[in-house]
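Next comes model.txt, with compact mmCIF, C-alpha atoms and all ligand atoms.
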# COMPACT_ATOMS: atom_id res chain seq x y z
CA MET A 1 69.16 68.46 120.73
CA ARG A 2 69.43 64.94 122.12
CA ASN A 3 66.24 63.21 123.26
CA TYR A 4 68.04 60.32 124.99
CA PRO A 5 70.26 59.97 128.05
CA PHE A 6 73.71 61.34 127.23
CA PRO A 7 76.50 60.26 127.52
CA ASN A 8 75.74 56.54 127.39
CA PRO A 9 77.65 53.29 126.73
CA GLU A 10 77.37 53.79 122.94
CA THR A 11 78.67 57.39 122.94
CA LYS A 12 81.45 57.82 120.39
CA ILE A 13 84.52 59.76 121.43
CA CYS A 14 86.62 62.19 119.37
CA LEU A 15 89.37 64.30 120.87
CA THR A 16 92.28 66.66 120.51
CA ILE A 17 95.71 65.43 121.54
CA GLY A 18 98.62 67.78 122.18
CA HIS A 19 101.02 69.02 124.84
CA PRO A 20 100.03 71.31 126.46
CA VAL A 21 96.34 71.40 125.58
CA ASP A 22 95.04 74.51 127.30
CA LYS A 23 92.86 76.93 125.30
CA GLN A 24 91.56 74.25 122.92
CA LYS A 25 88.87 76.03 120.98
CA SER A 26 87.98 72.89 118.99
CA LEU A 27 86.43 71.35 122.10
CA TYR A 28 83.51 73.82 122.20
CA MET A 29 83.09 73.96 118.45
CA HIS A 30 82.77 70.17 117.95
CA ASN A 31 80.59 69.56 121.01
CA ALA A 32 78.21 72.36 119.97
CA GLY A 33 77.94 70.73 116.53
CA TYR A 34 77.23 67.27 117.99
CA GLU A 35 74.59 68.67 120.28
CA ALA A 36 72.90 70.68 117.52
CA LEU A 37 72.50 67.54 115.40
CA GLY A 38 71.61 65.33 118.39
CA LEU A 39 74.59 63.08 117.68
CA ASN A 40 75.75 60.50 120.21
CA TYR A 41 79.28 61.92 120.11
CA LEU A 42 81.44 63.58 122.73
CA TYR A 43 84.59 65.64 122.08
CA LEU A 44 87.38 65.65 124.64
CA VAL A 45 90.93 66.98 124.99
CA ARG A 46 93.88 64.92 126.23
CA ASP A 47 97.43 65.94 127.08
CA ILE A 48 99.95 63.43 125.74
CA PRO A 49 103.63 64.25 126.37
CA PRO A 50 105.94 63.78 123.35
CA GLN A 51 107.74 60.77 124.81
CA GLN A 52 104.40 58.97 125.23
CA LEU A 53 102.94 59.74 121.80
CA ALA A 54 102.96 56.23 120.22
CA GLN A 55 101.77 54.66 123.48
CA GLY A 56 99.10 57.35 123.92
CA VAL A 57 97.77 56.99 120.37
CA ASN A 58 97.60 53.23 120.81
CA ALA A 59 95.67 53.65 124.06
CA MET A 60 93.20 55.95 122.29
CA ILE A 61 92.65 53.37 119.54
CA GLN A 62 92.10 50.62 122.14
CA PHE A 63 89.71 52.96 123.92
CA GLY A 64 87.72 53.13 120.69
CA VAL A 65 88.03 56.80 119.67
CA SER A 66 86.59 57.68 116.26
CA GLY A 67 88.87 60.56 115.41
CA MET A 68 91.65 62.77 116.72
CA SER A 69 92.72 66.35 116.08
CA VAL A 70 96.47 66.50 116.50
CA THR A 71 98.03 69.70 117.72
CA MET A 72 101.49 70.91 118.75
CA PRO A 73 103.99 69.32 119.22
CA HIS A 74 102.73 66.06 117.65
CA LYS A 75 101.86 67.07 114.07
CA VAL A 76 105.10 65.66 112.61
CA ASN A 77 105.83 62.70 114.90
CA ILE A 78 102.28 61.33 114.66
CA ILE A 79 103.07 60.38 111.03
CA ALA A 80 105.27 57.47 112.15
CA THR A 81 102.27 55.95 113.97
CA LEU A 82 99.83 56.09 111.02
CA ASP A 83 98.64 53.10 108.98
CA GLU A 84 97.76 55.29 105.99
CA MET A 85 98.03 58.96 105.04
CA THR A 86 96.88 61.31 102.28
CA PRO A 87 99.37 62.67 99.71
CA ALA A 88 99.00 66.08 101.41
CA VAL A 89 100.29 64.69 104.73
CA GLU A 90 103.16 62.99 102.95
CA LYS A 91 104.22 66.12 101.06
CA ILE A 92 103.65 68.65 103.86
CA GLY A 93 105.19 66.38 106.47
CA ALA A 94 102.50 67.22 109.03
CA CYS A 95 99.26 65.56 110.06
CA ASN A 96 96.61 67.23 112.22
CA THR A 97 93.68 64.86 111.75
CA VAL A 98 93.51 61.12 112.37
CA HIS A 99 90.45 59.09 111.45
CA VAL A 100 90.23 55.69 113.13
CA GLN A 101 88.45 53.07 111.07
CA GLU A 102 88.27 49.47 112.29
CA GLY A 103 91.37 50.05 114.37
CA LYS A 104 93.32 51.53 111.44
CA THR A 105 94.58 55.11 111.56
CA ILE A 106 94.39 57.33 108.47
CA GLY A 107 96.12 60.71 108.59
CA TYR A 108 94.84 63.91 106.95
CA ASN A 109 95.87 67.56 106.88
CA SER A 110 92.70 69.58 107.47
CA ASP A 111 94.57 72.93 107.43
CA VAL A 112 94.92 72.60 103.65
CA ILE A 113 91.17 72.03 103.34
CA GLY A 114 90.32 74.86 105.75
CA ALA A 115 92.48 77.40 103.92
CA LEU A 116 91.29 76.42 100.44
CA THR A 117 87.59 76.26 101.38
CA CYS A 118 87.75 79.84 102.68
CA LEU A 119 89.94 81.30 99.94
CA LYS A 120 87.79 79.80 97.19
CA LYS A 121 84.79 81.71 98.56
CA LYS A 122 86.70 84.94 97.88
CA THR A 123 88.57 84.32 94.64
CA GLU A 124 89.53 82.01 91.81
CA LEU A 125 92.86 80.37 92.66
CA LYS A 126 93.98 79.01 89.33
CA ALA A 127 96.78 81.08 87.79
CA ARG A 128 96.59 83.65 90.63
CA ARG A 129 99.74 84.92 92.32
CA ALA A 130 100.12 84.48 96.05
CA VAL A 131 102.73 85.57 98.57
CA VAL A 132 102.84 83.50 101.75
CA LEU A 133 104.53 84.94 104.85
CA GLY A 134 105.99 82.19 107.04
CA ALA A 135 107.65 78.82 106.54
CA GLY A 136 106.33 76.71 109.43
CA GLY A 137 103.65 74.04 109.46
CA ALA A 138 100.75 76.35 108.61
CA ALA A 139 102.71 77.92 105.72
CA ARG A 140 103.57 74.48 104.32
CA SER A 141 99.88 73.51 104.36
CA VAL A 142 98.78 76.74 102.66
CA VAL A 143 101.56 76.52 100.06
CA TYR A 144 100.67 72.89 99.27
CA GLY A 145 96.99 73.78 98.82
CA LEU A 146 97.64 76.85 96.67
CA LEU A 147 100.02 74.94 94.39
CA GLU A 148 97.48 72.12 94.02
CA GLU A 149 94.95 74.72 92.85
CA GLY A 150 97.34 76.10 90.22
CA CYS A 151 98.48 79.27 92.02
CA GLU A 152 101.91 80.78 91.56
CA VAL A 153 103.37 81.01 95.06
CA VAL A 154 106.32 82.85 96.55
CA VAL A 155 107.29 82.51 100.23
CA LEU A 156 108.87 85.08 102.53
CA ASN A 157 110.01 84.15 106.02
CA ARG A 158 111.88 85.83 108.88
CA THR A 159 114.47 83.03 108.95
CA GLN A 160 115.88 82.70 105.45
CA LYS A 161 117.17 79.16 105.94
CA LYS A 162 113.70 77.88 106.77
CA ALA A 163 112.29 79.67 103.74
CA GLN A 164 114.86 77.97 101.54
CA LEU A 165 114.03 74.53 102.94
CA LEU A 166 110.36 75.08 102.12
CA GLY A 167 111.27 76.47 98.69
CA ASN A 168 113.37 73.40 97.90
CA ASP A 169 110.68 70.99 99.11
CA PHE A 170 107.98 72.56 96.94
CA GLY A 171 110.13 73.79 94.03
CA ILE A 172 109.10 77.45 94.48
CA ARG A 173 110.84 80.78 95.14
CA ALA A 174 111.33 81.42 98.83
CA TYR A 175 113.33 84.16 100.55
CA GLY A 176 114.08 85.86 103.84
CA PHE A 177 112.19 89.08 104.64
CA GLU A 178 115.12 91.14 103.31
CA ALA A 179 113.92 90.27 99.77
CA TRP A 180 110.49 91.73 100.56
CA ASN A 181 110.06 94.83 98.46
CA ASP A 182 107.15 95.26 96.15
CA TYR A 183 104.57 92.52 95.81
CA ARG A 184 102.04 94.77 94.11
CA GLN A 185 101.50 92.31 91.27
CA TYR A 186 100.29 89.59 93.67
CA ASP A 187 96.60 88.81 94.12
CA ILE A 188 96.64 87.02 97.47
CA VAL A 189 98.67 87.61 100.63
CA VAL A 190 98.70 85.08 103.45
CA ASN A 191 99.99 85.62 106.96
CA ALA A 192 100.99 82.06 107.87
CA THR A 193 103.26 83.19 110.72
CA SER A 194 102.16 83.17 114.35
CA VAL A 195 102.49 86.97 114.53
CA GLY A 196 99.26 88.26 116.06
CA SER A 197 98.66 85.26 118.30
CA ARG A 198 100.60 86.67 121.25
CA ARG A 199 100.05 89.84 123.25
CA GLU A 200 103.66 90.99 122.91
CA GLU A 201 105.94 90.67 119.90
CA ASP A 202 109.49 91.42 120.96
CA CYS A 203 110.90 91.19 117.45
CA THR A 204 112.49 93.59 114.99
CA CYS A 205 111.76 91.74 111.75
CA ARG A 206 110.14 93.65 108.88
CA LEU A 207 106.72 92.09 109.44
CA CYS A 208 106.67 93.14 113.11
CA LYS A 209 108.01 96.59 112.21
CA LEU A 210 105.17 96.96 109.73
CA LEU A 211 102.41 95.61 111.95
CA TYR A 212 103.41 97.01 115.33
CA ARG A 213 105.21 100.21 114.37
CA GLY A 214 103.69 101.08 110.99
CA GLU A 215 107.10 101.10 109.29
CA GLU A 216 107.63 100.33 105.59
CA ALA A 217 103.96 100.18 104.69
CA ASN A 218 104.99 100.10 101.01
CA ILE A 219 106.11 96.46 101.28
CA LEU A 220 102.46 95.41 101.33
CA PHE A 221 100.60 95.85 98.09
CA ASP A 222 97.57 98.06 98.31
CA GLU A 223 93.84 97.60 98.02
CA ASN A 224 91.25 95.20 96.71
CA LYS A 225 93.20 91.99 96.98
CA VAL A 226 92.46 88.87 98.97
CA ALA A 227 94.18 88.13 102.27
CA LEU A 228 94.21 85.22 104.70
CA ASP A 229 95.46 85.49 108.25
CA VAL A 230 95.85 82.02 109.79
CA VAL A 231 95.96 83.40 113.35
CA PHE A 232 92.65 82.37 114.93
CA GLN A 233 92.90 83.39 118.58
CA ARG A 234 91.44 86.86 118.03
CA ASN A 235 88.60 88.52 116.14
CA GLN A 236 91.05 90.99 114.58
CA THR A 237 94.83 90.96 114.43
CA GLU A 238 97.27 93.75 113.55
CA PHE A 239 97.51 92.13 110.08
CA THR A 240 93.76 92.05 109.41
CA LYS A 241 93.29 95.56 110.83
CA LEU A 242 95.94 96.96 108.51
CA LEU A 243 94.59 95.22 105.41
CA GLN A 244 90.96 96.01 106.17
CA GLY A 245 91.91 99.66 105.97
CA LYS A 246 93.24 99.02 102.46
CA GLY A 247 90.05 97.40 101.20
CA TYR A 248 91.25 93.81 101.21
CA ASN A 249 88.77 90.95 101.07
CA ILE A 250 89.85 89.08 104.20
CA VAL A 251 89.65 85.47 105.35
CA TYR A 252 90.08 85.41 109.14
CA GLY A 253 91.94 82.65 110.95
CA HIS A 254 88.84 81.67 112.90
CA GLU A 255 86.96 81.12 109.63
CA MET A 256 89.74 78.80 108.49
CA LEU A 257 89.63 77.01 111.86
CA VAL A 258 85.89 76.38 111.52
CA ALA A 259 86.28 75.19 107.92
CA GLN A 260 88.95 72.67 108.90
CA GLY A 261 86.87 71.68 111.94
CA ALA A 262 83.86 71.11 109.67
CA PHE A 263 85.96 68.76 107.53
CA GLN A 264 86.95 66.81 110.68
CA PHE A 265 83.35 66.75 111.91
CA GLU A 266 82.14 65.22 108.64
CA LEU A 267 85.04 62.76 108.48
CA PHE A 268 84.53 61.54 112.06
CA THR A 269 80.70 61.45 112.15
CA GLY A 270 79.59 61.07 108.51
CA HIS A 271 77.15 63.97 109.05
CA GLN A 272 77.19 67.37 107.39
CA ALA A 273 78.71 69.85 109.82
CA PRO A 274 76.44 72.61 111.22
CA VAL A 275 79.00 75.25 110.30
CA GLU A 276 77.02 78.24 111.62
CA VAL A 277 76.56 76.61 115.04
CA MET A 278 80.26 75.75 115.22
CA TYR A 279 81.26 79.25 114.15
CA THR A 280 78.98 80.94 116.70
CA GLU A 281 80.38 78.75 119.47
CA LEU A 282 83.98 79.44 118.44
CA LYS A 283 83.38 83.20 118.27
CA LYS A 284 82.24 83.20 121.91
CA ASN A 285 85.71 81.99 122.84
CA LEU A 286 87.80 84.41 120.77
CA GLU A 287 89.97 87.01 122.42
CA SER A 288 90.17 90.69 121.56
CA TRP A 289 93.11 92.77 122.64
N1 LIG B 301 93.44 79.03 111.42
C1 LIG B 301 93.79 77.77 111.43
O1 LIG B 301 92.99 76.87 111.16
C2 LIG B 301 95.22 77.42 111.75
C3 LIG B 301 95.73 76.15 111.46
C4 LIG B 301 97.08 75.88 111.77
C5 LIG B 301 97.86 76.84 112.38
N2 LIG B 301 97.32 78.05 112.67
C6 LIG B 301 98.12 79.11 113.30
O2 LIG B 301 99.21 79.41 112.43
C7 LIG B 301 100.28 79.99 113.17
C8 LIG B 301 101.59 79.34 112.75
O3 LIG B 301 101.54 77.98 113.12
P1 LIG B 301 102.69 76.96 112.65
O4 LIG B 301 102.22 75.62 113.03
O5 LIG B 301 103.08 77.23 111.24
O6 LIG B 301 103.89 77.38 113.62
P2 LIG B 301 105.46 77.11 113.36
O7 LIG B 301 105.65 75.88 112.58
O8 LIG B 301 106.08 77.26 114.69
O9 LIG B 301 105.92 78.35 112.43
C9 LIG B 301 105.86 79.67 112.93
C10 LIG B 301 106.10 80.64 111.79
O10 LIG B 301 105.87 81.97 112.28
C11 LIG B 301 107.05 82.74 112.09
N3 LIG B 301 107.20 83.69 113.19
C12 LIG B 301 107.04 83.45 114.52
N4 LIG B 301 107.24 84.59 115.22
C13 LIG B 301 107.54 85.56 114.31
C14 LIG B 301 107.85 86.94 114.41
N5 LIG B 301 107.88 87.58 115.59
N6 LIG B 301 108.09 87.62 113.28
C15 LIG B 301 108.04 87.01 112.08
N7 LIG B 301 107.77 85.71 111.91
C16 LIG B 301 107.52 84.99 113.02
C17 LIG B 301 108.20 81.74 112.07
O11 LIG B 301 109.31 82.34 111.44
P3 LIG B 301 110.80 81.80 111.73
O12 LIG B 301 111.00 80.62 110.83
O13 LIG B 301 111.65 82.95 111.43
O14 LIG B 301 110.84 81.41 113.20
C18 LIG B 301 107.53 80.61 111.25
O15 LIG B 301 107.53 80.92 109.89
C19 LIG B 301 99.93 79.77 114.67
O16 LIG B 301 99.43 80.98 115.19
C20 LIG B 301 98.82 78.72 114.60
O17 LIG B 301 97.94 78.80 115.70
C21 LIG B 301 96.03 78.36 112.35
Rewrite the structure of this file - the entire thing - as C-alpha cells.
Amino acid sequence: MRNYPFPNPETKICLTIGHPVDKQKSLYMHNAGYEALGLNYLYLVRDIPPQQLAQGVNAMIQFGVSGMSVTMPHKVNIIATLDEMTPAVEKIGACNTVHVQEGKTIGYNSDVIGALTCLKKKTELKARRAVVLGAGGAARSVVYGLLEEGCEVVVLNRTQKKAQLLGNDFGIRAYGFEAWNDYRQYDIVVNATSVGSRREEDCTCRLCKLLYRGEEANILFDENKVALDVVFQRNQTEFTKLLQGKGYNIVYGHEMLVAQGAFQFELFTGHQAPVEVMYTELKKNLESW
C-alpha cells in the first residue's frame, strides 16, 4: 500500500504499446504489483499504429518511461529502434520488452524467460526431448529457450513453409502437421500456436481436428509428461483439458504470462516481483468458455 499521494510528479511510468491494445491483461497485473509493494510506479497502455512506431517510441522515451511491454504488431519492427538487445532478441527476431536506461533502449524477450521459468519448475530440461507445435513468434521464443537449456527440439506447424523457415534458422527438424504421427518418445509438448485463444476455430488442420473433434488422439503421446500451453486468455483450453485427462503435468499460459511479467517488473523497478499478487489479479481477468 502507498502512504503518500499517488500519482505525483515523481511517479515512474511503464506501459504496453501495441495496435490494437484492448484486453491488455498486463495492465492489471503490473499495477497490482506496484500497489502491493507501495511503489511510485504506474502502468499504462498506449495504442501506437505501425506507421508511427519509431516516432511513438521516441515520444515515450522523451516522456521519461522506464519500461515498455511490446505487443502485436510491433515485436519485430521495434528491433530497428533499439540501442542494444540481448542475444535472444537477435536470434529470435522479436522483442517484447524494452528497458529505458538514461535515454537508451535495451531490448529483451521475456517470453523465453517466462516459458523456461515455468517449465523448469516441472522438469529438468537438459537432454529432454520436446515437440513444439507452432512456428510463430511464441514458438520461436520457446524453441530458443529449450535449445539454450540443452533440449532436443522438433517443431510441427500447420503451414509447412513456416516450419521449415524456423527449422533452418535454429538448425532443428521442423515439419508440417502431415509428419505428425507418433511422438511417444518425447518428454515435453508445447502448444505455441494461438489455437484456444479464440471462441471459434474454423480450421481443418490436424491440431484442430484433435482438439475440437477428438479425431486422431493417437498423435499425442500419452500420460505423465510435461506440457505447456502458451495461450493465456482462459483458465483452461481444449489443449490443457485434453492433456489433463491423460495425467500431464501442465504449465498454463497464464502462468507463463505472470512469469514473464515478473521478469519485466523486476527489470523496470529493481524490486522483486510479488508474483502471487500479480497472479491473483491476472486470474480475475481470465475468460472461461
Ligand atoms: N503466455 C504467454 O506469456 C504468451 C507469450 C507470447 C504469446 N502468447 C500467445 O501465443 C499464441 C501465439 O502467438 P504468436 O505471437 O506466436 O502468434 P503468430 O506469430 O501469429 O503465430 C501463430 C501460430 O499459431 C498457428 N495457428 C494459428 N491458428 C491455427 C489453427 N487454427 N490451427 C493450427 N495452427 C494455428 C500458426 O500456424 P500457421 O503458421 O499455419 O499460420 C502459427 O504457428 C497467441 O495466442 C499469444 O497470445 C502467450
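Of note, CA of Ile188 in chain A and CA of Ala227 in chain A are spaced 5.5 Å apart.
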Would you pick out the contacts of range 13-28 of chain A at 8 Å or less, using all atoms listed in the file, so that residues sharing its chain but fewer than 3 positions from it are not included, and give the list as a PDB file with C-alpha atoms, keeping the file's coordinate frame?
ATOM      1  CA  ASN A  31      80.590  69.560 121.010  1.00  0.00           C
ATOM      2  CA  ALA A  32      78.210  72.360 119.970  1.00  0.00           C
ATOM      3  CA  TYR A  41      79.280  61.920 120.110  1.00  0.00           C
ATOM      4  CA  LEU A  42      81.440  63.580 122.730  1.00  0.00           C
ATOM      5  CA  TYR A  43      84.590  65.640 122.080  1.00  0.00           C
ATOM      6  CA  LEU A  44      87.380  65.650 124.640  1.00  0.00           C
ATOM      7  CA  VAL A  45      90.930  66.980 124.990  1.00  0.00           C
ATOM      8  CA  ARG A  46      93.880  64.920 126.230  1.00  0.00           C
ATOM      9  CA  ASP A  47      97.430  65.940 127.080  1.00  0.00           C
ATOM     10  CA  ILE A  48      99.950  63.430 125.740  1.00  0.00           C
ATOM     11  CA  PRO A  49     103.630  64.250 126.370  1.00  0.00           C
ATOM     12  CA  PRO A  50     105.940  63.780 123.350  1.00  0.00           C
ATOM     13  CA  GLY A  64      87.720  53.130 120.690  1.00  0.00           C
ATOM     14  CA  VAL A  65      88.030  56.800 119.670  1.00  0.00           C
ATOM     15  CA  SER A  66      86.590  57.680 116.260  1.00  0.00           C
ATOM     16  CA  GLY A  67      88.870  60.560 115.410  1.00  0.00           C
ATOM     17  CA  MET A  68      91.650  62.770 116.720  1.00  0.00           C
ATOM     18  CA  SER A  69      92.720  66.350 116.080  1.00  0.00           C
ATOM     19  CA  VAL A  70      96.470  66.500 116.500  1.00  0.00           C
ATOM     20  CA  THR A  71      98.030  69.700 117.720  1.00  0.00           C
ATOM     21  CA  MET A  72     101.490  70.910 118.750  1.00  0.00           C
ATOM     22  CA  PRO A  73     103.990  69.320 119.220  1.00  0.00           C
ATOM     23  CA  HIS A  74     102.730  66.060 117.650  1.00  0.00           C
ATOM     24  CA  GLY A 261      86.870  71.680 111.940  1.00  0.00           C
ATOM     25  CA  PHE A 268      84.530  61.540 112.060  1.00  0.00           C
ATOM     26  CA  MET A 278      80.260  75.750 115.220  1.00  0.00           C
ATOM     27  CA  GLU A 281      80.380  78.750 119.470  1.00  0.00           C
ATOM     28  CA  LEU A 282      83.980  79.440 118.440  1.00  0.00           C
ATOM     29  CA  ASN A 285      85.710  81.990 122.840  1.00  0.00           C
TER      30      ASN A 285
END
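The residue that comes closest to ligand LIG 301 (chain B), out of A:Ile61, A:Cys205, A:Met85, A:Val251 and on the basis of all atoms listed in the file, is A:Cys205.
Between CA of Glu201 in chain A and CA of Val153 in chain A the interatomic distance comes to 26.8 Å.
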Write out as a tab-separated table the residues of chain A that have any atom within 7 Å of an atom of ligand LIG 301 (chain B), one row each with the nearest atom pair and its distance in Å to one decimal, counting only C-alpha atoms and all ligand atoms, sorted by chain and then rising number.
residue	atom	partner	partner_atom	distance
A:Asp111	CA	B:LIG301	C3	5.3
A:Gly114	CA	B:LIG301	O1	6.4
A:Gly134	CA	B:LIG301	O15	3.5
A:Ala135	CA	B:LIG301	O15	4.0
A:Gly136	CA	B:LIG301	O7	3.3
A:Gly137	CA	B:LIG301	O5	3.7
A:Ala138	CA	B:LIG301	O5	3.6
A:Ala139	CA	B:LIG301	O5	5.6
A:Asn157	CA	B:LIG301	O15	5.6
A:Arg158	CA	B:LIG301	O13	3.9
A:Thr159	CA	B:LIG301	O13	3.8
A:Lys162	CA	B:LIG301	O12	5.6
A:Ala192	CA	B:LIG301	O2	5.6
A:Thr193	CA	B:LIG301	O10	3.3
A:Ser194	CA	B:LIG301	O16	3.6
A:Val195	CA	B:LIG301	C13	5.2
A:Ser197	CA	B:LIG301	O16	5.3
A:Glu201	CA	B:LIG301	N5	5.6
A:Asp202	CA	B:LIG301	N5	6.8
A:Cys203	CA	B:LIG301	N5	5.1
A:Cys205	CA	B:LIG301	N6	5.7
A:Leu207	CA	B:LIG301	C15	5.9
A:Cys208	CA	B:LIG301	N6	5.7
A:Val230	CA	B:LIG301	N1	4.2
A:Val231	CA	B:LIG301	O16	4.6
A:Phe232	CA	B:LIG301	N1	4.9
A:Gly253	CA	B:LIG301	N1	3.9
A:His254	CA	B:LIG301	N1	5.5
A:Met256	CA	B:LIG301	O1	4.6
A:Leu257	CA	B:LIG301	O1	3.4
A:Gln260	CA	B:LIG301	O1	6.3
